[in-house]
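Okay, input_7.csv is below, CSV, C-alpha atoms:
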```csv
chain,number,residue,atom,x,y,z
X,1,MET,CA,0.0,0.0,0.0
X,2,SER,CA,1.3,3.4,-0.9
X,3,PRO,CA,2.3,5.7,2.0
X,4,PHE,CA,0.1,8.4,0.4
X,5,PHE,CA,-3.1,6.4,0.6
X,6,PRO,CA,-3.7,6.9,4.4
X,7,CYS,CA,-2.9,10.6,4.0
X,8,SER,CA,-5.3,10.9,1.1
X,9,ILE,CA,-8.1,9.2,3.0
X,10,VAL,CA,-7.5,11.6,5.9
X,11,THR,CA,-7.5,14.6,3.5
X,12,VAL,CA,-10.8,13.5,1.9
X,13,ALA,CA,-12.4,12.8,5.2
X,14,MET,CA,-11.4,16.3,6.5
X,15,LEU,CA,-12.8,17.9,3.3
X,16,PHE,CA,-16.0,16.0,3.7
X,17,LEU,CA,-16.4,16.9,7.3
X,18,GLY,CA,-15.6,20.5,6.6
X,19,ALA,CA,-18.2,20.7,3.9
X,20,CYS,CA,-20.9,19.2,6.2
X,21,GLY,CA,-20.2,21.8,8.9
X,22,SER,CA,-20.2,24.6,6.4
X,23,ASN,CA,-22.0,27.8,7.1
X,24,ASP,CA,-22.8,28.4,3.5
X,25,THR,CA,-24.8,31.6,3.2
X,26,ASN,CA,-25.8,30.8,-0.3
X,27,SER,CA,-28.0,27.9,0.7
X,28,VAL,CA,-31.8,28.2,0.2
X,29,PRO,CA,-33.9,27.8,3.4
X,30,THR,CA,-36.6,25.2,3.4
X,31,SER,CA,-39.4,27.7,4.2
X,32,PRO,CA,-39.6,31.5,3.8
X,33,PRO,CA,-39.3,33.7,6.9
X,34,ILE,CA,-42.5,34.6,8.7
X,35,PRO,CA,-43.4,38.2,7.8
X,36,GLU,CA,-43.9,40.7,10.5
X,37,PRO,CA,-47.6,41.5,11.2
X,38,VAL,CA,-48.9,44.7,9.7
X,39,VAL,CA,-51.5,46.8,11.5
X,40,SER,CA,-53.8,48.3,8.9
X,41,PRO,CA,-54.9,51.9,9.5
X,42,VAL,CA,-58.3,52.3,11.1
X,43,THR,CA,-60.6,54.8,9.4
X,44,PRO,CA,-61.5,57.5,11.9
X,45,GLN,CA,-65.1,57.4,13.1
X,46,ASP,CA,-65.7,61.1,12.1
X,47,ALA,CA,-64.4,60.5,8.5
X,48,GLN,CA,-67.0,61.5,6.0
X,49,ILE,CA,-68.3,58.7,3.7
X,50,SER,CA,-67.3,59.3,0.1
X,51,ASN,CA,-67.9,56.0,-1.6
X,52,LEU,CA,-70.4,53.2,-1.4
X,53,VAL,CA,-69.3,49.9,-2.9
X,54,ILE,CA,-71.9,47.1,-3.5
X,55,LEU,CA,-70.9,43.5,-3.9
X,56,SER,CA,-73.7,41.1,-5.0
X,57,THR,CA,-74.3,38.1,-7.1
X,58,ASN,CA,-75.0,38.6,-10.8
X,59,SER,CA,-78.2,36.7,-10.8
X,60,LEU,CA,-81.2,36.3,-8.6
X,61,GLN,CA,-81.1,33.5,-6.0
X,62,ASP,CA,-83.5,31.2,-4.2
X,63,THR,CA,-82.3,31.9,-0.7
X,64,ASP,CA,-85.6,31.0,1.0
X,65,GLY,CA,-86.1,27.6,-0.6
X,66,SER,CA,-89.3,28.6,-2.4
X,67,GLY,CA,-88.0,27.3,-5.8
X,68,ILE,CA,-88.2,30.8,-7.3
X,69,ASN,CA,-85.0,32.8,-8.0
X,70,SER,CA,-86.3,36.1,-6.7
X,71,GLN,CA,-83.9,37.2,-4.0
X,72,LEU,CA,-80.8,39.4,-4.2
X,73,PRO,CA,-78.3,39.3,-1.3
X,74,PHE,CA,-75.8,42.1,-1.3
X,75,ALA,CA,-73.1,43.7,0.8
X,76,ALA,CA,-72.6,47.4,1.2
X,77,TYR,CA,-69.1,48.8,2.1
X,78,LEU,CA,-68.8,52.4,3.2
X,79,TYR,CA,-65.4,54.1,2.5
X,80,ALA,CA,-64.0,57.5,3.4
X,81,GLN,CA,-61.8,59.4,1.0
X,82,GLY,CA,-58.1,58.5,1.6
X,83,TRP,CA,-58.7,55.6,4.0
X,84,PRO,CA,-58.4,51.9,2.8
X,85,ALA,CA,-60.7,50.2,5.3
X,86,PRO,CA,-64.5,50.3,5.1
X,87,LYS,CA,-66.3,51.4,8.2
X,88,TRP,CA,-69.7,51.3,9.8
X,89,THR,CA,-71.4,54.7,10.0
X,90,PRO,CA,-74.9,55.4,11.4
X,91,GLY,CA,-77.4,56.1,8.6
X,92,SER,CA,-80.1,54.6,6.4
X,93,PHE,CA,-79.9,52.6,3.2
X,94,ARG,CA,-82.3,52.6,0.2
X,95,ILE,CA,-82.2,50.3,-2.8
X,96,ASP,CA,-84.2,51.1,-6.0
X,97,VAL,CA,-84.6,48.5,-8.7
X,98,TYR,CA,-85.2,49.6,-12.3
X,99,PRO,CA,-85.8,47.9,-15.6
X,100,GLU,CA,-82.8,46.7,-17.5
X,101,SER,CA,-80.8,49.4,-19.5
X,102,THR,CA,-82.5,52.3,-17.6
X,103,LEU,CA,-79.6,53.6,-15.5
X,104,ASP,CA,-76.4,55.5,-16.5
X,105,SER,CA,-73.4,55.3,-14.2
X,106,ARG,CA,-74.5,56.7,-10.8
X,107,SER,CA,-77.4,58.8,-12.0
X,108,VAL,CA,-80.7,58.5,-10.3
X,109,PRO,CA,-83.3,58.5,-13.1
X,110,ASP,CA,-86.5,60.6,-13.1
X,111,ILE,CA,-88.6,57.4,-13.7
X,112,LYS,CA,-90.3,55.6,-10.9
X,113,PRO,CA,-88.4,52.5,-9.8
X,114,LEU,CA,-90.0,49.0,-10.1
X,115,GLY,CA,-89.4,48.6,-6.4
X,116,THR,CA,-87.8,50.3,-3.4
X,117,TRP,CA,-86.5,48.8,-0.1
X,118,ASN,CA,-85.5,51.0,2.9
X,119,TRP,CA,-83.6,50.3,6.1
X,120,ASN,CA,-83.5,53.0,8.7
X,121,SER,CA,-80.4,53.6,10.8
X,122,GLU,CA,-81.6,51.2,13.6
X,123,GLU,CA,-82.4,48.4,11.1
X,124,ALA,CA,-79.1,48.9,9.3
X,125,LEU,CA,-77.3,48.6,12.6
X,126,GLY,CA,-78.7,45.0,12.9
X,127,ASN,CA,-77.2,44.2,9.5
X,128,ARG,CA,-73.6,44.9,10.3
X,129,ASN,CA,-71.0,42.2,9.5
X,130,LYS,CA,-67.3,41.9,9.3
X,131,ASN,CA,-65.0,39.9,7.0
X,132,LEU,CA,-61.5,39.9,5.7
X,133,VAL,CA,-62.2,43.1,3.6
X,134,GLY,CA,-63.6,44.9,6.7
X,135,ASN,CA,-66.8,46.2,8.2
X,136,PHE,CA,-69.9,46.1,5.9
X,137,TYR,CA,-73.7,45.8,5.9
X,138,SER,CA,-75.5,42.8,4.5
X,139,PHE,CA,-79.0,43.0,3.0
X,140,THR,CA,-81.3,40.8,1.0
X,141,ILE,CA,-84.3,41.9,-1.1
X,142,ASN,CA,-87.0,39.8,-2.6
X,143,LEU,CA,-88.6,41.0,-5.8
X,144,ASN,CA,-91.7,39.1,-5.0
X,145,ASP,CA,-92.2,41.4,-2.0
X,146,ARG,CA,-93.0,44.2,-4.5
X,147,ASP,CA,-94.8,42.1,-7.1
X,148,ILE,CA,-92.0,42.8,-9.7
X,149,ALA,CA,-92.6,40.7,-12.8
X,150,ILE,CA,-89.6,38.4,-12.8
X,151,ASN,CA,-90.6,35.9,-15.6
X,152,GLY,CA,-90.9,38.5,-18.3
X,153,ALA,CA,-87.6,40.3,-17.6
X,154,ARG,CA,-84.1,39.3,-18.6
X,155,GLY,CA,-82.6,41.3,-15.9
X,156,PHE,CA,-82.7,44.4,-13.7
X,157,GLU,CA,-80.5,47.3,-12.6
X,158,PHE,CA,-80.3,48.8,-9.2
X,159,LEU,CA,-78.7,51.6,-7.2
X,160,VAL,CA,-78.1,51.7,-3.4
X,161,ARG,CA,-78.1,55.0,-1.6
X,162,PHE,CA,-76.7,55.7,1.9
X,163,THR,CA,-77.9,58.7,3.9
X,164,PRO,CA,-75.6,59.4,6.9
X,165,SER,CA,-77.3,60.2,10.2
X,166,SER,CA,-74.7,63.0,10.6
X,167,GLY,CA,-76.3,65.1,7.8
X,168,ASP,CA,-73.3,64.6,5.5
X,169,PRO,CA,-74.2,64.2,1.8
X,170,VAL,CA,-76.0,61.1,0.4
X,171,VAL,CA,-73.7,58.6,-1.2
X,172,THR,CA,-74.9,56.6,-4.2
X,173,SER,CA,-73.4,53.3,-5.4
X,174,ALA,CA,-72.5,52.6,-9.0
X,175,VAL,CA,-75.1,50.9,-11.1
X,176,LYS,CA,-75.3,47.1,-10.6
X,177,ASN,CA,-76.9,44.6,-12.9
X,178,VAL,CA,-78.7,41.4,-11.9
X,179,TRP,CA,-80.0,38.7,-14.2
X,180,VAL,CA,-83.2,36.8,-13.7
X,181,ARG,CA,-81.7,33.6,-15.1
```

Represent the structure from my file as structure tokens, please.
Amino acid sequence: MSPFFPCSIVTVAMLFLGACGSNDTNSVPTSPPIPEPVVSPVTPQDAQISNLVILSTNSLQDTDGSGINSQLPFAAYLYAQGWPAPKWTPGSFRIDVYPESTLDSRSVPDIKPLGTWNWNSEEALGNRNKNLVGNFYSFTINLNDRDIAINGARGFEFLVRFTPSSGDPVVTSAVKNVWVR
């Protein structure tokens, strides 16, 4: 056996052990670091509402099990200019339903709506909810409550208005469409 063989084995072993104990900063960790929690800014209670965002389904639903798609559940989010989080604000809500292709942007037409639903400030208070987006109000209307002809229509449009109890200006949502089928 060559005298260099035991030395080469020792050298290889030292290299191997050195590599195993390496503090290589270029290695990739097995999981990303946990991010620091971020506290989102809270909209001040006295901030004036400037925008009303409505989230709803695109078609009528049968939420009461009657077999007729006549109900429209929707969520109303109130935002103040410059603040990212929606907030609850005392006030009343009104939804007006119009025939399809009647409304333009946020305009309130001069024609009579097919149906109107109102929630005063106290009733709206009972409809407050919270989710990942933030604070909101949830409502459901039933077109059968106002004898609105559902079968002959392809769809409807609606606007929601919020009237703050503080006396600040009324805020109107964008036009939303809902399909009968």

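Put simply, atom CA of Phe156 of chain X is 24.0 Å away from atom CA of Asn120 of chain X.
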
- With distances taken over all atoms listed in the file, which of X:Trp88, X:Tyr79, X:Tyr137, X:Trp117 is nearest to Ser165 of chain X?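 Answer, going by the shortest atom-to-atom distance: X:Trp88.
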
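A search radius of 6 Å centred on (-79.7, 42.4, -10.2), applied to all atoms listed in the file, returns the residues Ser59, Phe156, Glu157, Asn177, Val178 and Trp179 of chain X.
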
- Item | Pairwise distance for atom CA of Ala85 of chain X and atom CA of Thr63 of chain X, rounded to one decimal in Å |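 Distance between the two atoms: 28.9 Å.
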
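Taking atom CA of Ala76 of chain X and atom CA of Ala149 of chain X as the two end points, the separation is 25.3 Å.
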
- Message: With distances taken over only C-alpha atoms, which residue among X:Val39, X:Leu78, X:Leu72, X:Ile148 lies nearest Thr57 of chain X?
- Response: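 Nearest to Thr57 of chain X: X:Leu72.
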
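Shortest atom-to-atom contact with Glu100 of chain X among X:Gly152, X:Pro164, X:Pro84, X:Pro169: X:Gly152, counting all atoms listed in the file.
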
- Message: When you look at Pro99 of chain X with a cut-off of 9 Å (counting all atoms listed in the file), what residues show up, excluding the ones that are within fewer than 4 positions of it in the same chain? I need them as a list in words.
- Response: Leu103, Pro113, Leu114, Ala153, Gly155, Phe156, Glu157 and Phe158 of chain X

- Selection: 10 Å around Pro44 of chain X, only C-alpha atoms, excl. self and same-chain fewer than 4 positions, as a list in words: Gln48, Ala80, Trp83, Ala85 and Lys87 of chain X

- Pick the closest to Asp62 of chain X from X:Thr116, X:Thr30, X:Thr140, X:Asn127: which is it, counting only C-alpha atoms?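 The shortest atom-to-atom distance to Asp62 of chain X comes from X:Thr140.
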